[in-house]
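Coordinates as given in run23.cif (mmCIF, C-alpha atoms):
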```cif
data_structure
loop_
_atom_site.group_PDB
_atom_site.id
_atom_site.type_symbol
_atom_site.label_atom_id
_atom_site.label_comp_id
_atom_site.auth_asym_id
_atom_site.auth_seq_id
_atom_site.Cartn_x
_atom_site.Cartn_y
_atom_site.Cartn_z
ATOM 1 C CA MET A 1 -312.591 -55.916 103.522
ATOM 2 C CA ASN A 2 -309.099 -54.885 102.516
ATOM 3 C CA ILE A 3 -306.185 -57.329 102.836
ATOM 4 C CA ASP A 4 -302.631 -56.014 103.037
ATOM 5 C CA TRP A 5 -300.983 -58.608 100.807
ATOM 6 C CA ALA A 6 -297.472 -57.220 101.325
ATOM 7 C CA ALA A 7 -297.731 -57.636 105.100
ATOM 8 C CA LEU A 8 -299.200 -61.125 104.696
ATOM 9 C CA GLY A 9 -296.353 -62.116 102.371
ATOM 10 C CA SER A 10 -293.798 -60.683 104.779
ATOM 11 C CA VAL A 11 -295.228 -62.667 107.703
ATOM 12 C CA PHE A 12 -295.284 -65.811 105.571
ATOM 13 C CA GLY A 13 -291.660 -65.340 104.477
ATOM 14 C CA VAL A 14 -290.349 -64.714 107.989
ATOM 15 C CA SER A 15 -292.322 -67.671 109.341
ATOM 16 C CA LEU A 16 -290.945 -69.943 106.650
ATOM 17 C CA VAL A 17 -287.327 -68.889 107.236
ATOM 18 C CA VAL A 18 -287.583 -69.204 111.027
ATOM 19 C CA THR A 19 -289.269 -72.606 110.777
ATOM 20 C CA VAL A 20 -286.607 -73.982 108.437
ATOM 21 C CA ALA A 21 -283.842 -72.571 110.671
ATOM 22 C CA LEU A 22 -285.318 -74.135 113.819
ATOM 23 C CA VAL A 23 -285.780 -77.510 112.161
ATOM 24 C CA GLY A 24 -282.204 -77.326 110.876
ATOM 25 C CA LEU A 25 -280.850 -76.492 114.331
ATOM 26 C CA PHE A 26 -282.796 -79.318 115.921
ATOM 27 C CA THR A 27 -281.569 -81.720 113.235
ATOM 28 C CA LEU A 28 -277.964 -80.691 113.878
ATOM 29 C CA GLY A 29 -278.538 -81.344 117.573
ATOM 30 C CA ILE A 30 -279.876 -84.828 116.869
ATOM 31 C CA VAL A 31 -276.943 -85.596 114.571
ATOM 32 C CA GLY A 32 -274.490 -84.391 117.215
ATOM 33 C CA LEU A 33 -276.023 -86.608 119.878
ATOM 34 C CA SER A 34 -276.130 -89.640 117.598
ATOM 35 C CA LYS A 35 -272.357 -89.640 117.070
ATOM 36 C CA GLN A 36 -270.895 -92.847 118.491
ATOM 37 C CA PRO A 37 -267.511 -93.074 120.220
ATOM 38 C CA GLU A 38 -264.659 -94.317 118.066
ATOM 39 C CA PRO A 39 -263.268 -97.748 118.902
ATOM 40 C CA ALA A 40 -260.216 -97.658 121.188
ATOM 41 C CA ALA A 41 -258.360 -99.927 118.761
ATOM 42 C CA GLN A 42 -258.184 -97.073 116.252
ATOM 43 C CA GLY A 43 -256.759 -94.684 118.817
ATOM 44 C CA GLY A 44 -259.790 -92.424 119.112
ATOM 45 C CA SER A 45 -259.237 -89.701 121.698
ATOM 46 C CA GLY A 46 -262.887 -88.884 122.269
ATOM 47 C CA SER A 47 -262.402 -85.152 121.765
ATOM 48 C CA SER A 48 -264.527 -85.194 118.612
ATOM 49 C CA LEU A 49 -267.308 -86.872 120.575
ATOM 50 C CA LEU A 50 -267.173 -84.176 123.259
ATOM 51 C CA LEU A 51 -267.172 -81.456 120.611
ATOM 52 C CA ALA A 52 -270.182 -83.039 118.870
ATOM 53 C CA ARG A 53 -272.099 -83.292 122.162
ATOM 54 C CA ALA A 54 -271.284 -79.692 123.081
ATOM 55 C CA GLY A 55 -272.446 -78.532 119.651
ATOM 56 C CA ALA A 56 -275.650 -80.532 120.031
ATOM 57 C CA TYR A 57 -276.364 -78.935 123.394
ATOM 58 C CA VAL A 58 -275.765 -75.479 121.898
ATOM 59 C CA CYS A 59 -278.208 -76.265 119.073
ATOM 60 C CA PHE A 60 -280.853 -77.452 121.533
ATOM 61 C CA SER A 61 -280.329 -74.354 123.703
ATOM 62 C CA LEU A 62 -280.806 -72.080 120.690
ATOM 63 C CA CYS A 63 -284.007 -73.944 119.797
ATOM 64 C CA ALA A 64 -285.301 -73.573 123.351
ATOM 65 C CA ALA A 65 -284.403 -69.875 123.359
ATOM 66 C CA ALA A 66 -286.266 -69.309 120.087
ATOM 67 C CA VAL A 67 -289.352 -71.115 121.409
ATOM 68 C CA ALA A 68 -289.219 -69.152 124.664
ATOM 69 C CA TYR A 69 -288.927 -65.885 122.719
ATOM 70 C CA GLY A 70 -291.921 -66.842 120.578
ATOM 71 C CA ILE A 71 -293.986 -67.568 123.678
ATOM 72 C CA TYR A 72 -292.852 -64.235 125.144
ATOM 73 C CA LEU A 73 -294.014 -62.438 122.004
ATOM 74 C CA ILE A 74 -297.405 -64.114 122.156
ATOM 75 C CA VAL A 75 -297.979 -63.432 125.861
ATOM 76 C CA ALA A 76 -296.568 -59.897 126.096
#
```

Show me the file's structure as structure tokens.
Amino acid sequence: MNIDWAALGSVFGVSLVVTVALVGLFTLGIVGLSKQPEPAAQGGSGSSLLLARAGAYVCFSLCAAAVAYGIYLIVA
């Protein structure tokens, strides 16, 4: 039996990078959703909260797209 170690290392490296990227994106989404509104006494406009929520939704959409693409690659 002959093992192609270069191909195995390449698959391992790509898997590691993609996994770390997906976990990072999901973490950014969680952080964006956990942002609390600023108290009205400090004059918070709420625009930073909307921007954080929008960024979180973008992160979650990218995670879902990556998972859907992985399932597509497995099935097709």

> Which is closest to A:Ala56 among A:Leu22, A:Ile71, A:Leu28, A:Ala76, if we use all atoms listed in the file?
Replying inline: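 Smallest separation from A:Ala56 among the options: A:Leu28.
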
> Suppose you want the space between atom CA of A:Ser61 and atom CA of A:Ser34; what is it in Å?
Replying inline: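 Atom CA of A:Ser34 lies at a distance of 17.0 Å from atom CA of A:Ser61.
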
> Applied to the shown file, which residues does the PyMOL selection byres ((chain A and resi 62) around 12) return, written as a PyMOL selection string?
Replying inline: chain A and resi 21-26+28-29+55-61+63-69

> Which neighbours of stretch 47-54 of chain A fall inside 8 Å, counting all atoms listed in the file, when residues of the same chain fewer than 4 positions from it are skipped, and could you give them as number ranges by chain?
Replying inline: A: 32-33, 35-37, 58

> With distances taken over only C-alpha atoms, which of A:Gly13, A:Val18, A:Ile30, A:Met1 is nearest to A:Gly70?
Replying inline: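 Among the listed residues, the smallest separation from A:Gly70 belongs to A:Val18.
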
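The interatomic distance for the pair atom CA of A:Thr19 and atom CA of A:Val75 works out to 19.7 Å.
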
> Between atom CA of A:Tyr72 and atom CA of A:Phe12, what is the spacing in Å?
Replying inline: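 That distance, rounded to one decimal, is 19.8 Å.
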
Report, as lines of an AutoDock Vina configuration file, the centre and edge lengths in Å (one decimal) of the axis-aligned box enclosing every listed atom of stretch 48-61 of chain A, padded by 5 Å on each side.
```
center_x = -272.7
center_y = -80.6
center_z = 121.2
size_x = 26.3
size_y = 22.5
size_z = 15.1
```

Using the incomplete input, complete stretch 56-67 of chain A to the level of all heavy atoms; output as a short mmCIF file (atom, residue, chain, number, x, y, z; two decimals), keeping the file's coordinate frame.
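Final output, saved to selection-v6.cif:
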```cif
data_model
loop_
_atom_site.label_atom_id
_atom_site.label_comp_id
_atom_site.auth_asym_id
_atom_site.auth_seq_id
_atom_site.Cartn_x
_atom_site.Cartn_y
_atom_site.Cartn_z
N ALA A 56 -274.24 -80.12 119.97
CA ALA A 56 -275.65 -80.53 120.03
C ALA A 56 -276.38 -79.79 121.13
O ALA A 56 -277.51 -79.31 120.95
CB ALA A 56 -275.74 -82.04 120.26
N TYR A 57 -275.73 -79.65 122.29
CA TYR A 57 -276.36 -78.94 123.39
C TYR A 57 -276.55 -77.45 123.06
O TYR A 57 -277.55 -76.85 123.44
CB TYR A 57 -275.56 -79.11 124.67
CG TYR A 57 -275.55 -80.52 125.19
CD1 TYR A 57 -274.43 -81.08 125.77
CD2 TYR A 57 -276.69 -81.33 125.08
CE1 TYR A 57 -274.42 -82.38 126.24
CE2 TYR A 57 -276.69 -82.63 125.54
CZ TYR A 57 -275.56 -83.15 126.12
OH TYR A 57 -275.57 -84.43 126.57
N VAL A 58 -275.62 -76.88 122.33
CA VAL A 58 -275.76 -75.48 121.90
C VAL A 58 -276.95 -75.35 120.94
O VAL A 58 -277.75 -74.41 121.05
CB VAL A 58 -274.46 -74.97 121.25
CG1 VAL A 58 -274.68 -73.65 120.53
CG2 VAL A 58 -273.36 -74.83 122.29
N CYS A 59 -277.08 -76.29 120.02
CA CYS A 59 -278.21 -76.26 119.07
C CYS A 59 -279.54 -76.38 119.81
O CYS A 59 -280.49 -75.64 119.51
CB CYS A 59 -278.07 -77.39 118.05
SG CYS A 59 -276.77 -77.13 116.85
N PHE A 60 -279.62 -77.30 120.78
CA PHE A 60 -280.85 -77.45 121.53
C PHE A 60 -281.14 -76.21 122.37
O PHE A 60 -282.29 -75.81 122.52
CB PHE A 60 -280.79 -78.70 122.41
CG PHE A 60 -280.85 -79.98 121.65
CD1 PHE A 60 -280.05 -81.05 122.01
CD2 PHE A 60 -281.70 -80.13 120.57
CE1 PHE A 60 -280.11 -82.24 121.31
CE2 PHE A 60 -281.77 -81.32 119.86
CZ PHE A 60 -280.97 -82.38 120.22
N SER A 61 -280.11 -75.57 122.92
CA SER A 61 -280.33 -74.35 123.70
C SER A 61 -280.85 -73.22 122.82
O SER A 61 -281.72 -72.45 123.23
CB SER A 61 -279.07 -73.85 124.38
OG SER A 61 -278.21 -74.80 124.72
N LEU A 62 -280.32 -73.12 121.60
CA LEU A 62 -280.81 -72.08 120.69
C LEU A 62 -282.26 -72.35 120.29
O LEU A 62 -283.06 -71.40 120.17
CB LEU A 62 -279.91 -72.01 119.45
CG LEU A 62 -278.53 -71.41 119.67
CD1 LEU A 62 -277.69 -71.55 118.41
CD2 LEU A 62 -278.62 -69.97 120.11
N CYS A 63 -282.61 -73.61 120.09
CA CYS A 63 -284.01 -73.94 119.80
C CYS A 63 -284.91 -73.57 120.96
O CYS A 63 -285.98 -72.98 120.77
CB CYS A 63 -284.15 -75.44 119.49
SG CYS A 63 -283.55 -75.93 117.89
N ALA A 64 -284.50 -73.90 122.17
CA ALA A 64 -285.30 -73.57 123.35
C ALA A 64 -285.43 -72.06 123.52
O ALA A 64 -286.50 -71.56 123.89
CB ALA A 64 -284.69 -74.21 124.59
N ALA A 65 -284.35 -71.34 123.25
CA ALA A 65 -284.40 -69.88 123.36
C ALA A 65 -285.36 -69.29 122.33
O ALA A 65 -286.12 -68.35 122.64
CB ALA A 65 -283.02 -69.29 123.19
N ALA A 66 -285.36 -69.81 121.12
CA ALA A 66 -286.27 -69.31 120.09
C ALA A 66 -287.72 -69.60 120.45
O ALA A 66 -288.60 -68.75 120.25
CB ALA A 66 -285.92 -69.93 118.74
N VAL A 67 -287.99 -70.77 121.00
CA VAL A 67 -289.35 -71.11 121.41
C VAL A 67 -289.79 -70.23 122.57
O VAL A 67 -290.91 -69.72 122.59
CB VAL A 67 -289.45 -72.61 121.78
CG1 VAL A 67 -290.76 -72.93 122.47
CG2 VAL A 67 -289.29 -73.46 120.53
#
```
